[in-house]
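> Mind looking over this structure? Questions follow.
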Amino acid sequence: MTVEAETRPGRHSAPPRSPEGTLMRRTGDWARRAPLLPALIFMILVTQLPFVVTVIVSFMNWNAYYPDERSFAGIDNFRRVLTDANTRQAIWVTILLTAAVVLISLLLGLAIALLLDRKFRGRGIVRTMMITPFLIVPVAAALLWKHALYNPEYGLFNGVLTWIFGDNAPQPDWISNQPLWSVIFALVWQWTPFMMLILLAGLQSRPLDVIEAAGIDGASQWDIFRYMTLPHLRQYLELSALLGAIYVVQNFDAVFTITSGGLGTANLPYTIYQTFYTAHDYGRASAAGVIVVIGTIIIATLALRSVSTLFKEEGR
């Protein structure tokens, strides 16, 4: 039996590689990887090296106003960041800002995706126009909202109020009255197309034959949406929320441009900017930056899990 097993085709072990063959294989592998080495080195220098320096500085007592007092601080900078009242307020503002922008953008993106999933004349043009806010430079978008829309003297919002109610129409200062919501609406306008694109891709991947069969069996549009469309979009909704949260939690442009961090709108990125460039406390600013990076990595890990699960289900 042993002789038969050894003589059957496909059951015998492969002959050992010769040293020359192994050397040629390794040489070929390095020849294929060598063109990628400059890009890898560049990415390490641009991304990983600054982060390593930031981590090192976060454990140091380093303030430009007191250059002679530079020393090792341990975790004291992290303790100061987490116990400082202004930093805790910035963390709370960051959570509120991220949650509000992601939730509102998801709801609006879902509604727009459902509309654009229908067939109508000019659908391609409308889809292209709907994604344009996401393609605008963030600073330019923030300036647009601050001056063209929110300005109490010549902004579009107060102009619409005057056009509807006449010369006696109220002319509120939107940024002063609702500073945080002013930033939220500007970010929602920019991030809704992103959510809409992901959800529209999810809608177009639905099994249409099953949906048509449900309609023939008497299911209403609401039942189809509730029991078939929403469960199918669950992972797309999770992916949109996680990816949006990764970027919104790091948002600096809108806060800096619209409110300059005033009126209770300073989030963590803006607080880090103030600590670094105004207070020149490099150690504490680096510690706050490391905390933001850790939070972003946690969110990104959840996003990658959602993506891998989504791909597994698509491949079935």
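Going by the structure tokens order, chains are called A, B, ..., each with residues numbered from 1, while ligands are numbered from 1 in the order shown.
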If DSSP is run on the backbone, what residues of stretch 48-288 of chain A are strand (DSSP E or B)? A reply as a PyMOL selection string would be ideal.
chain A and resi 60-61+63+71-72+281
> With only C-alpha atoms as the counted atoms, please give the residues lying no more than 12 Å from A:Arg79, apart from itself and same-chain residues fewer than 6 positions off, as a PyMOL selection string.
chain A and resi 58-59+73+85+87-88+283-284+287-288+291
> Have a look at atom CA of A:Tyr282 and atom CA of A:Trp62 and let me know their distance in Å, one decimal.
5.6 Å
> Can you tell me, as a ChimeraX atom specification, which residues in stretch 45-228 of chain A count as alpha helix (DSSP H) by DSSP?
/A:49-58,76-83,85-116,123-130,132-135,138-143,156-165,174-177,179-204,208-216,221-224
> Which one is closest to A:Ala99: A:Arg234, A:Val188, A:Ile272, A:Asp217? Count only C-alpha atoms.
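Going through A:Arg234, A:Val188, A:Ile272, A:Asp217 one by one, the smallest distance to A:Ala99 is for A:Val188.
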> When you draw a straight line from atom CA of A:Leu187 to atom CA of A:Arg206, how long is it in Å?
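Separation between atom CA of A:Leu187 and atom CA of A:Arg206: 29.4 Å.
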> May I ask for the distance between atom CA of A:Ala300 and atom CA of A:Leu36, given in Å to one decimal place?
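It comes out at 25.2 Å.
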